[in-house]
>>> print(open('target-v3.cif').read())   # mmCIF, C-alpha atoms
data_entry
#
loop_
_atom_site.group_PDB
_atom_site.id
_atom_site.type_symbol
_atom_site.label_atom_id
_atom_site.label_comp_id
_atom_site.auth_asym_id
_atom_site.auth_seq_id
_atom_site.Cartn_x
_atom_site.Cartn_y
_atom_site.Cartn_z
ATOM 1 C CA ALA B 1 0.000 0.000 0.000
ATOM 2 C CA ALA B 2 1.253 3.460 -0.895
ATOM 3 C CA ALA B 3 2.039 5.821 1.969
ATOM 4 C CA SER B 4 -0.014 8.991 2.226
ATOM 5 C CA PRO B 5 1.722 12.217 1.101
ATOM 6 C CA GLY B 6 1.765 13.468 4.708
ATOM 7 C CA LEU B 7 3.423 10.308 5.998
ATOM 8 C CA ALA B 8 5.915 10.399 3.129
ATOM 9 C CA ARG B 9 6.860 13.977 4.097
ATOM 10 C CA VAL B 10 7.272 12.976 7.762
ATOM 11 C CA LEU B 11 9.460 10.008 6.808
ATOM 12 C CA ALA B 12 11.591 12.172 4.493
ATOM 13 C CA TYR B 13 11.969 14.806 7.241
ATOM 14 C CA LEU B 14 13.013 12.173 9.802
ATOM 15 C CA GLU B 15 15.518 10.710 7.327
ATOM 16 C CA ARG B 16 17.164 14.149 6.969
ATOM 17 C CA LEU B 17 17.440 14.416 10.754
ATOM 18 C CA ARG B 18 18.846 10.914 11.296
ATOM 19 C CA PRO B 19 22.372 11.085 12.750
ATOM 20 C CA ALA B 20 25.153 9.031 11.204
ATOM 21 C CA GLU B 21 25.414 5.617 12.836
ATOM 22 C CA PRO B 22 28.729 4.748 14.490
ATOM 23 C CA ALA B 23 30.677 1.770 13.202
ATOM 24 C CA PRO B 24 29.755 -1.327 15.264
ATOM 25 C CA SER B 25 33.441 -1.867 16.109
ATOM 26 C CA ALA B 26 33.554 1.591 17.763
ATOM 27 C CA LEU B 27 30.841 0.664 20.259
ATOM 28 C CA SER B 28 31.393 -0.883 23.672
ATOM 29 C CA PRO B 29 29.767 -4.271 24.328
ATOM 30 C CA LEU B 30 27.199 -2.552 26.570
ATOM 31 C CA ALA B 31 26.329 -0.041 23.840
ATOM 32 C CA ARG B 32 26.013 -2.846 21.271
ATOM 33 C CA GLU B 33 23.645 -4.659 23.664
ATOM 34 C CA HIS B 34 21.390 -1.601 23.829
ATOM 35 C CA LEU B 35 21.565 -0.823 20.106
ATOM 36 C CA THR B 36 20.845 -4.305 18.800
ATOM 37 C CA ALA B 37 18.314 -3.914 15.983
ATOM 38 C CA ALA B 38 16.180 -6.931 16.842
ATOM 39 C CA PRO B 39 14.320 -7.147 20.156
ATOM 40 C CA THR B 40 15.616 -10.613 20.877
ATOM 41 C CA LEU B 41 15.692 -11.662 24.475
ATOM 42 C CA LEU B 42 19.140 -11.406 25.982
ATOM 43 C CA PRO B 43 19.994 -14.864 27.314
ATOM 44 C CA THR B 44 22.552 -13.415 29.725
ATOM 45 C CA VAL B 45 19.989 -11.395 31.698
ATOM 46 C CA ILE B 46 18.756 -13.147 34.823
ATOM 47 C CA PHE B 47 16.620 -11.732 37.618
ATOM 48 C CA GLN B 48 19.341 -12.135 40.239
ATOM 49 C CA ASP B 49 21.607 -9.770 38.256
ATOM 50 C CA LEU B 50 19.109 -6.900 38.434
ATOM 51 C CA VAL B 51 19.264 -4.097 40.985
ATOM 52 C CA PHE B 52 16.000 -2.186 41.294
ATOM 53 C CA GLY B 53 15.593 1.512 41.979
ATOM 54 C CA GLY B 54 12.616 3.799 42.231
ATOM 55 C CA GLU B 55 9.253 3.711 40.530
ATOM 56 C CA LEU B 56 9.133 5.323 37.074
ATOM 57 C CA GLY B 57 5.375 5.117 36.729
ATOM 58 C CA SER B 58 2.316 2.993 37.302
ATOM 59 C CA GLY B 59 -0.905 2.116 35.590
ATOM 60 C CA SER B 60 -4.015 0.080 36.181
ATOM 61 C CA PHE B 61 -2.264 -3.259 35.723
ATOM 62 C CA SER B 62 1.437 -2.693 36.342
ATOM 63 C CA THR B 63 4.232 -0.654 37.859
ATOM 64 C CA VAL B 64 7.388 0.354 36.004
ATOM 65 C CA ARG B 65 10.597 0.459 38.015
ATOM 66 C CA TYR B 66 14.091 1.622 37.156
ATOM 67 C CA CYS B 67 16.733 -1.100 37.265
ATOM 68 C CA LYS B 68 20.305 -1.869 36.278
ATOM 69 C CA ARG B 69 21.914 -5.144 35.297
ATOM 70 C CA VAL B 70 24.986 -5.870 37.398
ATOM 71 C CA VAL B 71 28.084 -6.418 35.274
ATOM 72 C CA ARG B 72 30.709 -7.910 37.530
ATOM 73 C CA GLY B 73 34.070 -6.191 37.243
ATOM 74 C CA SER B 74 32.529 -2.935 35.957
ATOM 75 C CA PRO B 75 31.657 0.143 37.996
ATOM 76 C CA ALA B 76 27.936 0.661 38.693
ATOM 77 C CA GLY B 77 27.922 3.731 36.448
ATOM 78 C CA CYS B 78 28.627 1.469 33.456
ATOM 79 C CA TRP B 79 25.882 -1.071 34.140
ATOM 80 C CA PRO B 80 23.099 -1.171 31.518
ATOM 81 C CA GLU B 81 19.882 0.574 32.564
ATOM 82 C CA TYR B 82 16.394 -0.805 31.991
ATOM 83 C CA ALA B 83 12.774 -0.130 32.800
ATOM 84 C CA ALA B 84 11.131 -3.153 34.426
ATOM 85 C CA LYS B 85 7.376 -3.403 33.966
ATOM 86 C CA VAL B 86 6.107 -5.477 36.884
ATOM 87 C CA VAL B 87 2.695 -7.131 36.713
ATOM 88 C CA ARG B 88 1.685 -8.507 40.103
ATOM 89 C CA ALA B 89 0.282 -12.020 40.336
ATOM 90 C CA GLU B 90 -2.724 -10.817 42.362
ATOM 91 C CA VAL B 91 -3.668 -8.336 39.629
ATOM 92 C CA MET B 92 -3.388 -10.995 36.923
ATOM 93 C CA ARG B 93 -5.633 -13.329 38.922
ATOM 94 C CA GLU B 94 -8.207 -10.720 39.934
ATOM 95 C CA MET B 95 -8.460 -9.092 36.508
ATOM 96 C CA GLY B 96 -7.941 -12.202 34.377
ATOM 97 C CA TYR B 97 -4.933 -10.423 32.855
ATOM 98 C CA GLU B 98 -2.643 -13.439 32.279
ATOM 99 C CA HIS B 99 -3.595 -13.795 28.597
ATOM 100 C CA ALA B 100 -3.079 -10.052 28.031
ATOM 101 C CA VAL B 101 0.442 -10.221 29.504
ATOM 102 C CA ARG B 102 1.311 -13.171 27.273
ATOM 103 C CA ARG B 103 -0.061 -11.291 24.258
ATOM 104 C CA GLU B 104 1.925 -8.148 25.156
ATOM 105 C CA ILE B 105 5.153 -10.152 25.366
ATOM 106 C CA ALA B 106 4.438 -11.872 22.033
ATOM 107 C CA VAL B 107 3.716 -8.542 20.326
ATOM 108 C CA LEU B 108 6.770 -6.777 21.771
ATOM 109 C CA ARG B 109 9.014 -9.636 20.619
ATOM 110 C CA GLN B 110 7.881 -8.998 17.040
ATOM 111 C CA LEU B 111 8.359 -5.221 16.965
ATOM 112 C CA THR B 112 11.725 -3.869 15.866
ATOM 113 C CA HIS B 113 11.714 -0.103 15.542
ATOM 114 C CA VAL B 114 13.589 2.738 17.233
ATOM 115 C CA SER B 115 10.279 4.415 18.130
ATOM 116 C CA VAL B 116 8.899 1.352 19.911
ATOM 117 C CA ALA B 117 10.144 0.424 23.377
ATOM 118 C CA ARG B 118 12.289 -2.694 22.900
ATOM 119 C CA LEU B 119 11.636 -5.788 24.982
ATOM 120 C CA VAL B 120 14.951 -7.028 26.338
ATOM 121 C CA ALA B 121 13.786 -9.939 28.466
ATOM 122 C CA SER B 122 10.745 -11.280 30.250
ATOM 123 C CA PHE B 123 10.483 -13.668 33.155
ATOM 124 C CA ARG B 124 8.513 -14.655 36.241
ATOM 125 C CA TRP B 125 9.793 -14.153 39.757
ATOM 126 C CA ARG B 126 7.674 -15.314 42.695
ATOM 127 C CA ALA B 127 4.583 -15.434 40.439
ATOM 128 C CA ASP B 128 4.941 -11.801 39.291
ATOM 129 C CA VAL B 129 5.774 -11.135 35.632
ATOM 130 C CA TYR B 130 8.666 -8.821 34.729
ATOM 131 C CA LEU B 131 9.059 -7.264 31.288
ATOM 132 C CA LEU B 132 12.509 -5.757 30.956
ATOM 133 C CA LEU B 133 12.342 -2.859 28.489
ATOM 134 C CA GLU B 134 14.949 -0.434 27.240
ATOM 135 C CA PHE B 135 15.242 2.581 29.510
ATOM 136 C CA ALA B 136 14.539 6.080 28.198
ATOM 137 C CA ALA B 137 16.817 8.256 30.300
ATOM 138 C CA ARG B 138 15.126 11.544 29.415
ATOM 139 C CA GLY B 139 11.713 10.523 30.713
ATOM 140 C CA ASP B 140 8.295 10.683 29.078
ATOM 141 C CA LEU B 141 6.935 13.265 26.654
ATOM 142 C CA HIS B 142 4.541 14.717 29.223
ATOM 143 C CA SER B 143 7.408 15.464 31.639
ATOM 144 C CA ALA B 144 9.489 17.012 28.839
ATOM 145 C CA VAL B 145 6.668 19.356 27.857
ATOM 146 C CA ARG B 146 6.130 20.319 31.505
ATOM 147 C CA ARG B 147 9.873 20.873 31.987
ATOM 148 C CA PHE B 148 10.481 22.936 28.831
ATOM 149 C CA GLY B 149 7.049 24.468 28.273
ATOM 150 C CA SER B 150 5.567 24.630 24.815
ATOM 151 C CA LEU B 151 7.715 23.177 22.061
ATOM 152 C CA ALA B 152 9.076 25.095 19.104
ATOM 153 C CA ALA B 153 7.393 24.089 15.848
ATOM 154 C CA PRO B 154 10.391 22.090 14.496
ATOM 155 C CA ASN B 155 10.661 20.160 17.790
ATOM 156 C CA ALA B 156 6.927 19.478 17.871
ATOM 157 C CA ARG B 157 7.046 18.272 14.240
ATOM 158 C CA PHE B 158 9.949 15.975 15.065
ATOM 159 C CA LEU B 159 8.261 14.473 18.139
ATOM 160 C CA LEU B 160 4.939 14.047 16.366
ATOM 161 C CA GLY B 161 6.760 12.471 13.425
ATOM 162 C CA GLU B 162 8.527 9.999 15.720
ATOM 163 C CA VAL B 163 5.232 8.978 17.333
ATOM 164 C CA CYS B 164 3.547 8.642 13.907
ATOM 165 C CA VAL B 165 6.393 6.536 12.533
ATOM 166 C CA GLY B 166 6.264 4.267 15.613
ATOM 167 C CA LEU B 167 2.494 3.848 15.265
ATOM 168 C CA SER B 168 2.888 3.230 11.547
ATOM 169 C CA HIS B 169 5.364 0.428 12.297
ATOM 170 C CA VAL B 170 3.025 -1.135 14.868
ATOM 171 C CA HIS B 171 0.096 -0.983 12.433
ATOM 172 C CA ALA B 172 2.196 -2.308 9.525
ATOM 173 C CA ALA B 173 3.031 -5.326 11.702
ATOM 174 C CA GLY B 174 -0.708 -5.995 12.004
ATOM 175 C CA PHE B 175 -1.278 -4.670 15.512
ATOM 176 C CA ALA B 176 -3.442 -1.821 16.784
ATOM 177 C CA PHE B 177 -2.284 0.509 19.529
ATOM 178 C CA GLY B 178 -5.226 2.018 21.352
ATOM 179 C CA ASP B 179 -3.654 3.688 24.393
ATOM 180 C CA LEU B 180 -1.824 6.700 23.003
ATOM 181 C CA LYS B 181 -1.305 9.493 25.531
ATOM 182 C CA PRO B 182 1.520 11.869 26.458
ATOM 183 C CA ARG B 183 2.782 9.599 29.238
ATOM 184 C CA PRO B 184 4.112 6.545 27.284
ATOM 185 C CA PRO B 185 6.472 8.293 24.827
ATOM 186 C CA HIS B 186 9.944 8.389 26.328
ATOM 187 C CA THR B 187 12.868 10.359 24.989
ATOM 188 C CA ALA B 188 15.939 8.187 24.855
ATOM 189 C CA SER B 189 19.492 9.348 25.506
ATOM 190 C CA GLY B 190 19.780 10.221 21.821
ATOM 191 C CA GLU B 191 17.125 12.258 20.107
ATOM 192 C CA ALA B 192 14.862 9.393 19.098
ATOM 193 C CA VAL B 193 11.559 9.086 20.895
ATOM 194 C CA ASN B 194 10.246 5.739 22.100
ATOM 195 C CA GLY B 195 6.738 6.823 21.280
ATOM 196 C CA VAL B 196 4.905 3.560 21.535
ATOM 197 C CA ALA B 197 5.028 1.473 24.667
ATOM 198 C CA ALA B 198 2.816 -1.493 25.320
#
>>> encode(input="target-v3.cif", output="structure tokens")
Amino acid sequence: AAASPGLARVLAYLERLRPAEPAPSALSPLAREHLTAAPTLLPTVIFQDLVFGGELGSGSFSTVRYCKRVVRGSPAGCWPEYAAKVVRAEVMREMGYEHAVRREIAVLRQLTHVSVARLVASFRWRADVYLLLEFAARGDLHSAVRRFGSLAAPNARFLLGEVCVGLSHVHAAGFAFGDLKPRPPHTASGEAVNGVAA
């Protein structure tokens, strides 16, 4: 199917803004782990290697917590950062949410786009389900707008374009995303926006 003229303009604009990608050999192993194109589960991540910090946010069914993966022999400042979405066993039982969690994991495993929060790993610990997602160090879009005030037109176009491209990718993969709001989009440490989070 042909893209609409508006979407084509957004894609062309984003292509002009795309920074040059560093050579893979110039990246540290930790950076390569975070920049892997496919959202494959990392077999080296185990629950016991995670150190949890504060709460990043919460919703009706889950809580998202900041965490780092311990890398023995490296200082804590070099440990990879993640956002852990925790779905409590009681909530899954009470709300009949088990099938929805399984579906969310299956969908996230299939999505590979810079504007979609990447699933790194998923596992159960003491009956709760943990979805380990890439961490967006700059926070969500709502917080950015509150922090900086209204956005300049080029910045607003860029952010809207990133969200549209992420949604376009989700829809092209055959999925619908029906929970778009200013809270889920997270600005990563670069300029890309993780605009679509499950």
>>> axis_aligned_box(input="target-v3.cif", around="region 141-153 of chain B", padding_each_side="6 Å", output="JSON")
{"center_x": 7.5, "center_y": 19.2, "center_z": 23.9, "size_x": 17.9, "size_y": 23.8, "size_z": 28.1}
>>> atom_distance(input="target-v3.cif", atom1="CA of Gly54 (chain B)", atom2="CA of Tyr66 (chain B)")
5.7 Å
>>> atom_distance(input="target-v3.cif", atom1="CA of Val165 (chain B)", atom2="CA of Leu14 (chain B)")
9.1 Å
>>> residues_around(input="target-v3.cif", residues="Ala84 (chain B)", least_positions_apart="6", cutoff="10 Å", atoms="all atoms listed in the file", output="list in words")
Leu50, Phe52, Gly53, Glu55, Leu56, Ser62, Thr63, Val64, Arg65, Tyr66, Cys67, Lys68, Leu119, Val120, Ala121, Ser122, Val129, Tyr130, Leu131, Leu132, Leu133, Glu134 and Phe135 of chain B
>>> closest_residue(input="target-v3.cif", among="B:Cys164, B:Ala173, B:Val51, B:Ala136", to="Val70 (chain B)", atoms="all atoms listed in the file")
B:Val51
>>> atom_distance(input="target-v3.cif", atom1="CA of Ala83 (chain B)", atom2="CA of Val116 (chain B)")
13.5 Å
>>> resolve_selection(input="target-v3.cif", expression="the PyMOL selection byres ((chain B and resi 101) around 12)", output="number ranges by chain")
B: 61-62, 85-89, 91-93, 95-100, 102-108, 122-124, 128-131, 198
>>> write_last_selection(input="target-v3.cif", atoms="C-alpha atoms", output="compact mmCIF listing (two decimals), keeping the file's coordinate frame")
# COMPACT_ATOMS: atom_id res chain seq x y z
CA PHE B 61 -2.26 -3.26 35.72
CA SER B 62 1.44 -2.69 36.34
CA LYS B 85 7.38 -3.40 33.97
CA VAL B 86 6.11 -5.48 36.88
CA VAL B 87 2.70 -7.13 36.71
CA ARG B 88 1.68 -8.51 40.10
CA ALA B 89 0.28 -12.02 40.34
CA VAL B 91 -3.67 -8.34 39.63
CA MET B 92 -3.39 -11.00 36.92
CA ARG B 93 -5.63 -13.33 38.92
CA MET B 95 -8.46 -9.09 36.51
CA GLY B 96 -7.94 -12.20 34.38
CA TYR B 97 -4.93 -10.42 32.85
CA GLU B 98 -2.64 -13.44 32.28
CA HIS B 99 -3.60 -13.80 28.60
CA ALA B 100 -3.08 -10.05 28.03
CA ARG B 102 1.31 -13.17 27.27
CA ARG B 103 -0.06 -11.29 24.26
CA GLU B 104 1.92 -8.15 25.16
CA ILE B 105 5.15 -10.15 25.37
CA ALA B 106 4.44 -11.87 22.03
CA VAL B 107 3.72 -8.54 20.33
CA LEU B 108 6.77 -6.78 21.77
CA SER B 122 10.74 -11.28 30.25
CA PHE B 123 10.48 -13.67 33.16
CA ARG B 124 8.51 -14.66 36.24
CA ASP B 128 4.94 -11.80 39.29
CA VAL B 129 5.77 -11.14 35.63
CA TYR B 130 8.67 -8.82 34.73
CA LEU B 131 9.06 -7.26 31.29
CA ALA B 198 2.82 -1.49 25.32
>>> closest_residue(input="target-v3.cif", among="B:Ala153, B:His113, B:Arg118, B:Arg138", to="Val170 (chain B)", atoms="all atoms listed in the file")
B:His113
>>> residues_near_point(input="target-v3.cif", point="(14.8, 11.9, 6.8)", cutoff="12 Å", atoms="only C-alpha atoms", output="mmCIF file with C-alpha atoms, in the coordinates of the input")
data_model
loop_
_atom_site.group_PDB
_atom_site.id
_atom_site.type_symbol
_atom_site.label_atom_id
_atom_site.label_comp_id
_atom_site.auth_asym_id
_atom_site.auth_seq_id
_atom_site.Cartn_x
_atom_site.Cartn_y
_atom_site.Cartn_z
ATOM 1 C CA LEU B 7 3.423 10.308 5.998
ATOM 2 C CA ALA B 8 5.915 10.399 3.129
ATOM 3 C CA ARG B 9 6.860 13.977 4.097
ATOM 4 C CA VAL B 10 7.272 12.976 7.762
ATOM 5 C CA LEU B 11 9.460 10.008 6.808
ATOM 6 C CA ALA B 12 11.591 12.172 4.493
ATOM 7 C CA TYR B 13 11.969 14.806 7.241
ATOM 8 C CA LEU B 14 13.013 12.173 9.802
ATOM 9 C CA GLU B 15 15.518 10.710 7.327
ATOM 10 C CA ARG B 16 17.164 14.149 6.969
ATOM 11 C CA LEU B 17 17.440 14.416 10.754
ATOM 12 C CA ARG B 18 18.846 10.914 11.296
ATOM 13 C CA PRO B 19 22.372 11.085 12.750
ATOM 14 C CA ALA B 20 25.153 9.031 11.204
ATOM 15 C CA PHE B 158 9.949 15.975 15.065
ATOM 16 C CA GLY B 161 6.760 12.471 13.425
ATOM 17 C CA GLU B 162 8.527 9.999 15.720
ATOM 18 C CA VAL B 165 6.393 6.536 12.533
#
>>> residues_around(input="target-v3.cif", residues="Asn155 (chain B)", least_positions_apart="4", cutoff="12 Å", atoms="all atoms listed in the file", output="JSON, numbers by chain")
{"B": [13, 14, 17, 141, 144, 145, 148, 149, 150, 151, 159, 160, 161, 162, 191, 192, 193]}
